[in-house]
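Below is the file start.txt, which contains compact mmCIF, C-alpha atoms and all ligand atoms.
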# COMPACT_ATOMS: atom_id res chain seq x y z
CA MET G 1 104.14 -273.42 110.84
CA THR G 2 101.82 -270.66 112.03
CA ILE G 3 98.17 -271.58 112.53
CA LEU G 4 95.19 -269.30 113.14
CA ALA G 5 92.52 -271.25 114.99
CA ILE G 6 88.88 -270.46 115.71
CA GLU G 7 86.84 -272.00 118.54
CA THR G 8 83.11 -271.33 119.02
CA SER G 9 81.70 -274.59 120.38
CA CYS G 10 79.77 -273.13 123.31
CA ASP G 11 79.65 -269.71 124.99
CA GLU G 12 83.22 -268.61 124.27
CA THR G 13 84.24 -266.97 121.01
CA ALA G 14 87.96 -267.55 120.60
CA ALA G 15 90.73 -267.02 118.08
CA ALA G 16 94.43 -267.71 118.51
CA ILE G 17 97.65 -267.78 116.56
CA VAL G 18 100.13 -270.49 117.56
CA LYS G 19 103.56 -271.23 116.07
CA ASP G 20 104.70 -274.83 115.67
CA GLY G 21 101.96 -276.10 117.95
CA THR G 22 103.61 -274.81 121.11
CA GLU G 23 104.27 -271.07 120.99
CA ILE G 24 101.26 -268.82 121.60
CA VAL G 25 101.45 -265.63 119.50
CA SER G 26 97.98 -264.42 120.44
CA ASN G 27 95.04 -265.92 122.29
CA VAL G 28 91.79 -263.98 122.46
CA VAL G 29 88.64 -265.16 124.24
CA ALA G 30 85.30 -263.32 124.46
CA SER G 31 82.78 -265.01 126.71
CA SER G 32 79.01 -264.58 126.94
CA GLN G 33 79.07 -266.25 130.37
CA GLU G 34 77.79 -263.12 132.14
CA ILE G 35 74.56 -263.29 130.13
CA HIS G 36 74.04 -266.99 130.91
CA ALA G 37 74.87 -266.46 134.58
CA LYS G 38 71.61 -264.53 134.92
CA TYR G 39 69.69 -267.65 133.93
CA GLY G 40 71.86 -270.20 135.75
CA GLY G 41 72.90 -272.00 132.56
CA ILE G 42 73.62 -271.61 128.86
CA ILE G 43 70.80 -270.64 126.54
CA PRO G 44 71.95 -272.03 123.16
CA GLU G 45 70.13 -269.45 121.01
CA GLN G 46 71.60 -266.59 123.04
CA ALA G 47 75.08 -268.15 122.92
CA ALA G 48 74.88 -268.38 119.10
CA ARG G 49 73.79 -264.74 118.79
CA GLU G 50 76.72 -263.66 120.96
CA GLN G 51 79.06 -265.72 118.79
CA ILE G 52 77.90 -263.73 115.74
CA ARG G 53 78.50 -260.44 117.55
CA ALA G 54 81.97 -261.40 118.73
CA ILE G 55 83.54 -263.48 115.96
CA ILE G 56 84.96 -260.71 113.74
CA PRO G 57 86.26 -258.49 116.59
CA VAL G 58 87.88 -261.52 118.22
CA ILE G 59 89.64 -262.61 115.00
CA ASN G 60 90.75 -259.04 114.40
CA GLU G 61 92.16 -258.85 117.88
CA ALA G 62 94.02 -262.13 117.45
CA LEU G 63 95.61 -260.65 114.31
CA ASN G 64 96.33 -257.32 115.98
CA PRO G 65 100.10 -256.80 116.30
CA GLU G 66 99.55 -254.89 119.55
CA ARG G 67 97.65 -257.78 121.06
CA LYS G 68 98.21 -258.91 124.61
CA ALA G 69 99.47 -262.40 125.42
CA PHE G 70 96.10 -263.29 126.87
CA SER G 71 92.91 -261.32 127.16
CA VAL G 72 89.42 -262.22 128.19
CA LYS G 73 86.73 -259.72 127.38
CA ARG G 74 83.29 -259.56 125.94
CA LYS G 75 82.91 -257.13 123.07
CA GLU G 76 79.85 -254.97 123.22
CA LYS G 77 80.13 -253.52 119.71
CA ILE G 78 79.93 -255.11 116.33
CA LEU G 79 82.86 -253.82 114.32
CA PRO G 80 82.00 -252.97 110.71
CA GLY G 81 82.81 -255.46 108.00
CA LEU G 82 85.20 -258.32 107.56
CA TYR G 83 88.47 -256.52 106.99
CA THR G 84 90.89 -259.01 108.49
CA TYR G 85 91.78 -260.36 105.07
CA ARG G 86 93.66 -257.15 104.31
CA HIS G 87 95.67 -257.39 107.49
CA PRO G 88 99.38 -257.89 106.68
CA LEU G 89 99.60 -260.66 109.25
CA ALA G 90 97.25 -262.81 107.21
CA SER G 91 100.18 -263.56 104.93
CA ASP G 92 102.08 -265.03 107.88
CA ILE G 93 99.37 -267.60 108.48
CA ASP G 94 100.18 -271.02 107.00
CA ALA G 95 96.89 -272.72 107.83
CA LEU G 96 93.54 -272.26 109.55
CA ALA G 97 91.98 -274.58 112.09
CA VAL G 98 88.47 -274.71 113.48
CA THR G 99 86.49 -276.64 116.08
CA VAL G 100 83.85 -278.67 114.24
CA GLY G 101 82.30 -280.40 117.29
CA PRO G 102 81.11 -281.50 119.74
CA GLY G 103 79.17 -278.44 120.85
CA LEU G 104 76.07 -276.34 120.30
CA ILE G 105 75.08 -276.31 116.63
CA GLY G 106 74.29 -272.57 116.45
CA SER G 107 77.59 -271.66 118.08
CA LEU G 108 79.67 -274.13 116.08
CA LEU G 109 78.24 -272.91 112.75
CA VAL G 110 79.50 -269.37 113.37
CA GLY G 111 83.11 -270.49 113.77
CA VAL G 112 83.03 -273.16 111.08
CA GLU G 113 81.50 -270.93 108.39
CA THR G 114 83.83 -268.04 109.26
CA ALA G 115 86.88 -270.32 109.06
CA LYS G 116 85.70 -271.68 105.70
CA ALA G 117 85.21 -268.16 104.34
CA LEU G 118 88.70 -267.11 105.49
CA ALA G 119 90.29 -270.28 104.09
CA LEU G 120 88.71 -269.55 100.72
CA ALA G 121 89.52 -265.83 100.73
CA TRP G 122 93.13 -266.38 101.81
CA ASN G 123 93.61 -269.63 99.92
CA LYS G 124 94.90 -271.45 103.02
CA PRO G 125 94.45 -275.07 104.13
CA LEU G 126 91.76 -275.67 106.75
CA VAL G 127 92.10 -278.27 109.51
CA PRO G 128 88.91 -279.42 111.28
CA VAL G 129 89.49 -280.17 114.99
CA ASN G 130 87.51 -282.22 117.51
CA HIS G 131 87.01 -279.99 120.55
CA LEU G 132 87.80 -282.83 123.00
CA VAL G 133 91.08 -283.63 121.25
CA GLY G 134 91.79 -279.89 121.26
CA HIS G 135 91.51 -279.67 125.07
CA ILE G 136 94.31 -282.25 125.42
CA TYR G 137 96.75 -280.01 123.55
CA ALA G 138 96.65 -277.35 126.28
CA ASN G 139 99.37 -279.66 127.68
CA TRP G 140 101.67 -278.72 124.80
CA LEU G 141 101.32 -274.98 125.49
CA GLY G 142 103.18 -274.78 128.79
CA GLY G 143 105.96 -272.61 127.37
CA ALA G 144 109.50 -273.19 126.14
CA ASN G 145 110.77 -274.56 129.47
CA SER G 146 107.99 -277.03 130.19
CA PRO G 147 108.63 -280.70 129.30
CA ARG G 148 106.56 -282.17 126.47
CA PRO G 149 104.24 -285.04 127.37
CA GLU G 150 105.61 -288.45 126.38
CA PHE G 151 103.59 -291.35 124.99
CA PRO G 152 101.82 -293.51 125.88
CA ALA G 153 99.74 -291.20 128.06
CA VAL G 154 96.53 -291.54 129.99
CA VAL G 155 94.39 -288.45 129.48
CA LEU G 156 91.51 -287.31 131.69
CA ILE G 157 89.28 -284.84 129.86
CA VAL G 158 86.86 -283.19 132.26
CA SER G 159 84.67 -280.42 130.88
CA GLY G 160 81.13 -279.11 131.16
CA GLY G 161 79.75 -281.68 128.74
CA HIS G 162 82.28 -284.55 128.88
CA THR G 163 84.25 -286.78 131.21
CA GLU G 164 86.51 -289.06 129.19
CA LEU G 165 89.41 -291.28 130.14
CA VAL G 166 91.57 -291.96 127.12
CA LEU G 167 94.76 -293.84 126.32
CA MET G 168 96.80 -291.70 123.93
CA GLU G 169 99.41 -293.81 122.18
CA ASN G 170 100.62 -291.04 119.89
CA HIS G 171 99.32 -287.89 118.18
CA GLY G 172 95.98 -288.85 116.66
CA LYS G 173 96.08 -292.36 118.17
CA PHE G 174 93.50 -292.65 120.91
CA LYS G 175 91.76 -295.50 122.70
CA ARG G 176 88.78 -294.55 124.84
CA LEU G 177 88.97 -296.36 128.19
CA GLY G 178 85.77 -295.02 129.70
CA GLY G 179 83.64 -292.00 130.32
CA THR G 180 80.63 -290.78 132.19
CA ARG G 181 77.45 -292.81 131.98
CA ASP G 182 75.34 -289.74 132.80
CA ASP G 183 76.39 -286.25 133.93
CA ALA G 184 79.88 -284.92 133.22
CA ALA G 185 82.04 -283.74 136.14
CA GLY G 186 81.63 -280.07 135.17
CA GLU G 187 77.89 -280.58 134.69
CA CYS G 188 77.71 -282.05 138.20
CA PHE G 189 79.44 -278.96 139.61
CA ASP G 190 77.17 -276.68 137.58
CA LYS G 191 73.96 -278.44 138.69
CA CYS G 192 74.98 -278.69 142.35
CA ALA G 193 76.06 -275.03 142.40
CA ARG G 194 72.59 -274.16 141.22
CA LEU G 195 71.06 -276.23 144.05
CA LEU G 196 73.33 -274.40 146.48
CA ASN G 197 72.51 -270.99 144.96
CA LEU G 198 76.17 -270.37 144.22
CA GLY G 199 75.76 -269.12 140.65
CA TYR G 200 77.07 -270.07 137.21
CA PRO G 201 79.48 -271.47 136.10
CA GLY G 202 79.30 -273.88 139.00
CA GLY G 203 82.86 -275.28 139.06
CA PRO G 204 84.64 -272.08 140.10
CA ALA G 205 81.72 -271.23 142.45
CA ILE G 206 81.97 -274.64 144.19
CA GLU G 207 85.75 -274.24 144.44
CA ALA G 208 85.39 -270.78 146.00
CA ALA G 209 82.74 -271.96 148.49
CA ALA G 210 84.80 -275.05 149.37
CA SER G 211 87.84 -272.90 150.10
CA LYS G 212 85.85 -271.19 152.89
CA PHE G 213 85.40 -274.51 154.66
CA GLN G 214 88.54 -274.44 156.73
CA ILE G 215 87.50 -275.32 160.26
CA PRO G 216 85.90 -278.75 160.23
CA ASN G 217 82.69 -278.38 162.16
CA SER G 218 81.46 -281.68 163.60
CA LYS G 219 77.92 -280.57 162.98
CA PHE G 220 78.63 -280.52 159.28
CA GLN G 221 80.53 -283.75 158.77
CA ILE G 222 78.81 -284.48 155.50
CA LYS G 223 79.69 -287.69 153.66
CA LEU G 224 78.72 -287.95 150.01
CA PRO G 225 79.15 -291.14 147.94
CA ARG G 226 82.18 -291.78 145.67
CA PRO G 227 80.27 -293.20 142.65
CA LEU G 228 81.88 -296.17 140.85
CA LEU G 229 85.15 -295.61 142.74
CA TYR G 230 86.08 -299.30 143.02
CA ASP G 231 84.31 -300.41 139.86
CA LYS G 232 86.75 -302.25 137.59
CA GLN G 233 85.68 -300.34 134.49
CA PHE G 234 86.92 -296.85 133.75
CA ASP G 235 83.44 -295.36 133.60
CA PHE G 236 82.12 -292.56 135.79
CA SER G 237 78.68 -291.57 137.06
CA PHE G 238 78.00 -288.21 138.67
CA SER G 239 74.23 -287.77 138.47
CA GLY G 240 73.68 -289.49 141.85
CA LEU G 241 75.80 -286.84 143.54
CA LYS G 242 73.31 -284.18 142.52
CA THR G 243 70.54 -286.18 144.24
CA ALA G 244 72.75 -286.71 147.31
CA VAL G 245 73.37 -282.95 147.52
CA ALA G 246 69.62 -282.26 147.11
CA ASN G 247 68.92 -284.69 149.99
CA GLU G 248 71.46 -282.97 152.25
CA LEU G 249 69.73 -279.67 151.51
CA LYS G 250 66.51 -281.03 153.00
CA LYS G 251 68.15 -280.94 156.45
CA LYS G 252 66.90 -278.16 158.73
CA ILE G 253 69.67 -275.59 159.07
CA SER G 254 69.33 -272.25 160.84
CA SER G 255 69.84 -269.25 158.59
CA ALA G 256 72.88 -268.25 160.66
CA GLU G 257 74.54 -271.56 159.83
CA GLU G 258 73.46 -271.77 156.21
CA ILE G 259 76.68 -270.34 154.81
CA PHE G 260 78.83 -272.82 156.79
CA PHE G 261 76.62 -275.69 155.72
CA SER G 262 76.78 -274.60 152.11
CA SER G 263 80.59 -274.41 152.13
CA ALA G 264 80.85 -277.77 153.93
CA LEU G 265 78.65 -279.33 151.27
CA ALA G 266 80.62 -277.69 148.45
CA ALA G 267 83.89 -278.94 149.98
CA GLU G 268 82.60 -282.50 150.31
CA LEU G 269 81.23 -282.45 146.76
CA GLN G 270 84.62 -281.30 145.48
CA GLU G 271 86.32 -284.07 147.51
CA SER G 272 83.97 -286.71 146.14
CA VAL G 273 84.34 -285.73 142.47
CA THR G 274 88.11 -285.29 142.66
CA ASP G 275 88.61 -288.55 144.63
CA VAL G 276 86.90 -290.53 141.88
CA LEU G 277 88.63 -288.70 139.01
CA VAL G 278 92.11 -289.02 140.49
CA TYR G 279 91.80 -292.63 141.66
CA LYS G 280 90.54 -293.90 138.31
CA THR G 281 93.07 -291.92 136.29
CA LEU G 282 96.01 -293.20 138.31
CA ARG G 283 94.68 -296.75 138.16
CA ALA G 284 94.47 -296.49 134.35
CA ALA G 285 98.02 -295.12 134.19
CA GLU G 286 99.26 -298.06 136.28
CA LYS G 287 97.32 -300.63 134.30
CA PHE G 288 98.55 -299.38 130.92
CA ARG G 289 102.04 -298.52 132.22
CA THR G 290 101.94 -295.09 130.64
CA ARG G 291 104.78 -292.59 130.70
CA SER G 292 102.51 -289.61 131.36
CA VAL G 293 99.20 -288.57 132.83
CA LEU G 294 97.52 -285.55 131.21
CA LEU G 295 94.70 -283.47 132.62
CA ALA G 296 92.46 -281.44 130.28
CA GLY G 297 89.15 -279.55 130.10
CA GLY G 298 87.54 -276.77 132.14
CA VAL G 299 87.41 -278.80 135.37
CA ALA G 300 91.20 -279.22 135.11
CA ALA G 301 91.31 -275.61 136.39
CA ASN G 302 90.16 -276.94 139.78
CA SER G 303 92.99 -276.47 142.29
CA ARG G 304 91.95 -279.40 144.48
CA LEU G 305 91.97 -281.74 141.47
CA ARG G 306 95.41 -280.50 140.38
CA GLU G 307 96.77 -280.77 143.91
CA LYS G 308 95.37 -284.29 144.49
CA LEU G 309 96.67 -285.61 141.20
CA ASN G 310 100.15 -284.38 142.04
CA SER G 311 100.10 -285.52 145.66
CA GLN G 312 98.92 -289.06 144.90
CA PHE G 313 101.67 -289.66 142.43
CA ASP G 314 104.90 -291.16 143.74
CA GLY G 315 107.16 -289.57 141.14
CA SER G 316 108.72 -292.74 139.81
CA GLN G 317 106.29 -294.15 137.28
CA PHE G 318 104.92 -291.37 135.14
CA ALA G 319 105.06 -287.62 134.66
CA ILE G 320 101.92 -285.62 135.48
CA HIS G 321 101.03 -282.81 133.08
CA VAL G 322 98.50 -280.17 134.05
CA PRO G 323 97.80 -277.22 131.68
CA LYS G 324 98.08 -273.61 132.77
CA ILE G 325 94.79 -272.63 134.43
CA LYS G 326 93.92 -270.06 131.73
CA LEU G 327 94.30 -272.72 129.04
CA CYS G 328 91.99 -275.27 130.69
CA THR G 329 88.72 -273.57 129.81
CA ASP G 330 87.70 -273.04 126.19
CA ASN G 331 90.16 -271.16 123.98
CA ALA G 332 91.50 -271.46 120.44
CA ALA G 333 95.21 -271.88 121.27
CA TYR G 334 94.79 -275.57 122.00
CA ILE G 335 92.78 -275.96 118.78
CA ALA G 336 95.75 -274.52 116.84
CA SER G 337 98.14 -276.85 118.67
CA ALA G 338 95.96 -279.90 117.95
CA ALA G 339 95.85 -278.88 114.26
CA TYR G 340 99.65 -278.63 114.14
CA PHE G 341 100.26 -282.08 115.63
CA ASN G 342 97.43 -283.65 113.58
CA HIS G 343 97.79 -281.71 110.36
CA HIS G 344 95.12 -283.16 108.12
CA PRO G 345 93.59 -280.33 106.05
CA VAL G 346 90.20 -281.00 104.49
CA PRO G 347 88.74 -279.25 101.38
CA VAL G 348 86.51 -276.37 102.49
CA GLY G 349 83.42 -277.94 100.90
CA LYS G 350 83.80 -280.98 103.13
CA VAL G 351 84.15 -279.19 106.47
CA ASP G 352 80.90 -279.19 108.44
CA ALA G 353 79.83 -278.48 112.00
CA ASP G 354 79.13 -281.76 113.82
CA PRO G 355 77.52 -281.09 117.22
CA GLY G 356 77.36 -284.78 118.16
CA LEU G 357 81.00 -285.59 117.37
CA ASP G 358 82.35 -288.00 119.98
CA PHE G 359 85.80 -288.99 121.02
CA ASN G 360 86.28 -291.79 118.52
CA SER G 361 85.01 -289.93 115.46
O1 LIG Y 1 86.05 -277.04 128.89
P1 LIG Y 1 85.06 -276.02 129.29
O2 LIG Y 1 85.52 -274.60 129.37
O3 LIG Y 1 83.81 -276.05 128.36
C1 LIG Y 1 83.33 -277.24 127.83
O4 LIG Y 1 83.91 -277.72 126.83
O5 LIG Y 1 82.36 -277.76 128.45
O6 LIG Y 1 84.50 -276.49 130.70
C2 LIG Y 1 83.52 -275.80 131.39
C3 LIG Y 1 83.26 -276.53 132.69
C4 LIG Y 1 82.07 -275.98 133.46
O7 LIG Y 1 81.25 -277.05 133.86
C5 LIG Y 1 82.72 -275.30 134.65
O8 LIG Y 1 81.88 -275.30 135.81
C6 LIG Y 1 83.95 -276.15 134.86
O9 LIG Y 1 84.40 -276.43 133.56
N1 LIG Y 1 85.00 -275.44 135.60
C7 LIG Y 1 85.46 -275.82 136.80
C8 LIG Y 1 86.41 -274.84 137.20
N2 LIG Y 1 86.51 -273.91 136.20
C9 LIG Y 1 85.64 -274.30 135.21
N3 LIG Y 1 85.14 -276.87 137.58
C10 LIG Y 1 85.76 -276.98 138.77
N4 LIG Y 1 86.65 -276.06 139.24
C11 LIG Y 1 87.00 -275.00 138.48
N5 LIG Y 1 87.89 -274.11 138.95
ZN ZN Y 2 85.65 -277.30 126.25
Please rewrite the model in this file as structure tokens.
Ligand code: KG4
Ligand code: ZN
Amino acid sequence: MTILAIETSCDETAAAIVKDGTEIVSNVVASSQEIHAKYGGIIPEQAAREQIRAIIPVINEALNPERKAFSVKRKEKILPGLYTYRHPLASDIDALAVTVGPGLIGSLLVGVETAKALALAWNKPLVPVNHLVGHIYANWLGGANSPRPEFPAVVLIVSGGHTELVLMENHGKFKRLGGTRDDAAGECFDKCARLLNLGYPGGPAIEAAASKFQIPNSKFQIKLPRPLLYDKQFDFSFSGLKTAVANELKKKISSAEEIFFSSALAAELQESVTDVLVYKTLRAAEKFRTRSVLLAGGVAANSRLREKLNSQFDGSQFAIHVPKIKLCTDNAAYIASAAYFNHHPVPVGKVDADPGLDFNS
């Protein structure tokens, strides 16, 4: 089954074609991140306008037979008209899939209404997909030689807006174990990066700054808290870390040492967040005796998180699955995969954008 999926939940406009839920035919992502970077965060109205500009070119590119395996670019031009329906490849598409939420309403509407229009014009089934469930399926896109995750699995979804720990008993069968009580892990990185003047998006900026902290300098032995680390629940809380970072920044540092201080703080922040995420995920996997542990979401691109998860696992109990870095952040390939493994088409008239959709909906 070949699925064309559309994802527009935030500041990425994405379209992808995936065969049988695992084989990526095309995967196109246009991001308006550069625009938001100027303001240090996403401006929803601006993100929605960029979605409108990019949606048709991105779908066209996904359907383009000369497409590249993966491309990330922001289109500057609006291409004239919706002509994809005449493209011969449209006949190869068995179904459409679209992210219906959670996300920004203006952004979501662009993808949802476009997918509905294409489903009607092409007379194809349309599968609505929860963005958070979609992220998980990046673990099924590792390529022909990568082992498939086995159930039951514990899944850690860490993105800009969510931190969720979930027990996945089968496709479509989830039990939420816990989540953040305040800021998400990615949000914590984004907010702290802003405090540290490292730019947006914060996660990659924190990772880059942390990588410069190689020589431990006794002057900068910063110790941040590990919130809720030993709490018996599987909840998280990251908003206190932002305050702790702000307090550290009140210390008097000479301008010559500022860069070292900033990288020391970024490194300790990364250690704190990843310590909590990894410890709780492995504890959940032990408690529920799962066969696999799956990482998903934009923060899953963090090398330290990936490295820690692998190093703290003894190899005997469960398999660790970590998606390819390019598939961690928002794209439509995992939406297509989720739609294949949870193939529940819904009549076009009943598909609506749902910005507040949560994990259990
Ligand atoms: O999943 P995603 O692309 O969008 C949402 O659904 O939110 O996640 C974006 C989040 C941002 O907070 C970004 O700072 C974070 O993922 N992120 C990272 C890294 N790359 C992206 N966080 C830590 N390290 C990274 N390398
Ligand atoms: Zn996402």
Inset, instruction - Give the answer as one residue: which of G:Glu207, G:Asp190, G:Glu271, G:Glu7 has the shortest atom-to-atom distance to Lys242 in chain G, using all atoms listed in the file? - result: G:Asp190
Inset, instruction - Can you tell me which residues come within 9 Å of ligand ZN 2 (chain Y) when counting all atoms listed in the file, ideally as a count of residues only? - result: 20
Inset, instruction - Scan for residues within 6 Å of the point (96.9, -289.4, 127.0) in the coordinates of the file, using all atoms listed in the file, and reply as a PyMOL selection string. - result: chain G and resi 153-155+166-168+294
Inset, instruction - With a distance cut-off of 12 Å and all atoms listed in the file, select the neighbouring residues of Ala185 in chain G, excluding the residue or stretch itself and same-chain residues fewer than 4 positions from it, and output the selection as number ranges by chain. - result: G: 156-164, 179-181, 189-192, 202-203, 227, 235-242, 269-270, 272-277, 297-300, 302, 305
Inset, instruction - Go through G:Ile105, G:Leu177, G:Ala37, G:Ile24 one by one, measure the shortest atom-to-atom distance of each to Lys287 in chain G using all atoms listed in the file, and give the residue with the smallest value. - result: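 Once distances to Lys287 in chain G are computed over all atoms listed in the file, the minimum belongs to G:Leu177.
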Inset, instruction - Can you work out which one of G:Pro128, G:Gly101, G:Pro152, G:Pro201 has the shortest atom-to-atom distance to ligand LIG 1 (chain Y), counting all atoms listed in the file? - result: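 Once distances to ligand LIG 1 (chain Y) are computed over all atoms listed in the file, the minimum belongs to G:Pro201.
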Legend entry - Coordinates-based distance that separates CA of Phe288 in chain G from CA of Phe313 in chain G (Å, one decimal):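 Answer for the CA of Phe313 in chain G to CA of Phe288 in chain G separation: 15.4 Å.
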Inset, instruction - Tell me, as a ChimeraX atom specification, which residues lie within 7 Å of Ala338 in chain G, counting all atoms listed in the file; anything in the same chain fewer than 2 positions away does not count. - result: /G:133-134,137,334-336,340-342
List the spatial neighbours of Ala144 in chain G as a short mmCIF file (atom, residue, chain, number, x, y, z; two decimals) with C-alpha atoms, in the coordinates of the input - criterion: any atom at most 10 Å away, all atoms listed in the file, same-chain residues fewer than 3 positions off excluded.
data_model
loop_
_atom_site.label_atom_id
_atom_site.label_comp_id
_atom_site.auth_asym_id
_atom_site.auth_seq_id
_atom_site.Cartn_x
_atom_site.Cartn_y
_atom_site.Cartn_z
CA THR G 22 103.61 -274.81 121.11
CA GLU G 23 104.27 -271.07 120.99
CA TRP G 140 101.67 -278.72 124.80
CA LEU G 141 101.32 -274.98 125.49
CA PRO G 147 108.63 -280.70 129.30
CA ARG G 148 106.56 -282.17 126.47
#
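With atom N2 of ligand LIG 1 (chain Y) on one side and CA of Asn64 in chain G on the other, the separation reads 27.9 Å.
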Inset, instruction - Measure the distance from CA of Asp11 in chain G to CA of Ala47 in chain G in Å and round it to one decimal. - result: 5.3 Å
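Restricting the calculation to only C-alpha atoms and all ligand atoms, the smallest distance between ligand LIG 1 (chain Y) and any of G:Leu229, G:Ile93, G:Ala301, G:Ala193 is found for G:Ala301.
Among the candidate residues G:Val346, G:Ala244, G:Ala266, G:Ile136, the one lying nearest to Leu327 in chain G is G:Ile136, with distances computed using all atoms listed in the file.
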Inset, instruction - Have a look at G:Asp20, G:Glu12, G:Glu61, G:Glu45 and name the one nearest to ligand LIG 1 (chain Y); count all atoms listed in the file. - result: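 The answer is G:Glu12, which sits nearest to ligand LIG 1 (chain Y).
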So that I can look at just that part, could you write range 187-241 of chain G with C-alpha atoms, as a PDB file, in the first residue's frame?
ATOM      1  CA  GLU G 187      10.474  23.629  25.320  1.00  0.00           C
ATOM      2  CA  CYS G 188      12.967  23.623  28.209  1.00  0.00           C
ATOM      3  CA  PHE G 189      15.871  23.550  25.732  1.00  0.00           C
ATOM      4  CA  ASP G 190      14.239  26.294  23.645  1.00  0.00           C
ATOM      5  CA  LYS G 191      13.604  28.575  26.647  1.00  0.00           C
ATOM      6  CA  CYS G 192      17.045  28.024  28.199  1.00  0.00           C
ATOM      7  CA  ALA G 193      18.752  28.600  24.841  1.00  0.00           C
ATOM      8  CA  ARG G 194      16.996  31.939  24.706  1.00  0.00           C
ATOM      9  CA  LEU G 195      18.262  32.803  28.206  1.00  0.00           C
ATOM     10  CA  LEU G 196      21.758  31.852  27.071  1.00  0.00           C
ATOM     11  CA  ASN G 197      21.426  33.829  23.809  1.00  0.00           C
ATOM     12  CA  LEU G 198      22.102  30.711  21.781  1.00  0.00           C
ATOM     13  CA  GLY G 199      19.303  31.141  19.245  1.00  0.00           C
ATOM     14  CA  TYR G 200      16.317  29.122  18.033  1.00  0.00           C
ATOM     15  CA  PRO G 201      15.550  26.224  17.904  1.00  0.00           C
ATOM     16  CA  GLY G 202      17.153  25.742  21.285  1.00  0.00           C
ATOM     17  CA  GLY G 203      17.768  21.973  21.321  1.00  0.00           C
ATOM     18  CA  PRO G 204      20.390  21.856  18.566  1.00  0.00           C
ATOM     19  CA  ALA G 205      21.899  25.135  19.888  1.00  0.00           C
ATOM     20  CA  ILE G 206      22.246  23.698  23.416  1.00  0.00           C
ATOM     21  CA  GLU G 207      23.749  20.507  21.979  1.00  0.00           C
ATOM     22  CA  ALA G 208      26.284  22.493  19.943  1.00  0.00           C
ATOM     23  CA  ALA G 209      27.246  24.700  22.914  1.00  0.00           C
ATOM     24  CA  ALA G 210      27.507  21.662  25.213  1.00  0.00           C
ATOM     25  CA  SER G 211      29.854  19.928  22.784  1.00  0.00           C
ATOM     26  CA  LYS G 212      32.333  22.794  23.283  1.00  0.00           C
ATOM     27  CA  PHE G 213      32.541  22.028  26.991  1.00  0.00           C
ATOM     28  CA  GLN G 214      35.330  19.506  26.863  1.00  0.00           C
ATOM     29  CA  ILE G 215      37.795  20.527  29.535  1.00  0.00           C
ATOM     30  CA  PRO G 216      36.033  20.518  32.887  1.00  0.00           C
ATOM     31  CA  ASN G 217      36.902  23.800  34.503  1.00  0.00           C
ATOM     32  CA  SER G 218      36.583  23.695  38.289  1.00  0.00           C
ATOM     33  CA  LYS G 219      35.383  27.264  38.229  1.00  0.00           C
ATOM     34  CA  PHE G 220      32.357  26.173  36.267  1.00  0.00           C
ATOM     35  CA  GLN G 221      31.296  23.036  38.100  1.00  0.00           C
ATOM     36  CA  ILE G 222      27.627  23.850  37.766  1.00  0.00           C
ATOM     37  CA  LYS G 223      25.092  21.470  39.299  1.00  0.00           C
ATOM     38  CA  LEU G 224      21.494  21.755  38.159  1.00  0.00           C
ATOM     39  CA  PRO G 225      18.631  19.752  39.716  1.00  0.00           C
ATOM     40  CA  ARG G 226      17.300  16.470  38.234  1.00  0.00           C
ATOM     41  CA  PRO G 227      13.554  17.193  38.642  1.00  0.00           C
ATOM     42  CA  LEU G 228      11.354  14.260  39.767  1.00  0.00           C
ATOM     43  CA  LEU G 229      14.206  11.808  39.110  1.00  0.00           C
ATOM     44  CA  TYR G 230      13.371   9.454  41.987  1.00  0.00           C
ATOM     45  CA  ASP G 231       9.654  10.167  42.037  1.00  0.00           C
ATOM     46  CA  LYS G 232       7.712   6.901  41.740  1.00  0.00           C
ATOM     47  CA  GLN G 233       5.360   8.274  39.081  1.00  0.00           C
ATOM     48  CA  PHE G 234       6.366   8.529  35.452  1.00  0.00           C
ATOM     49  CA  ASP G 235       5.738  12.269  35.279  1.00  0.00           C
ATOM     50  CA  PHE G 236       8.305  14.919  34.381  1.00  0.00           C
ATOM     51  CA  SER G 237       8.751  18.587  35.259  1.00  0.00           C
ATOM     52  CA  PHE G 238      11.197  20.822  33.432  1.00  0.00           C
ATOM     53  CA  SER G 239      10.056  24.366  34.191  1.00  0.00           C
ATOM     54  CA  GLY G 240      12.234  24.573  37.344  1.00  0.00           C
ATOM     55  CA  LEU G 241      15.334  24.008  35.233  1.00  0.00           C
TER      56      LEU G 241
END
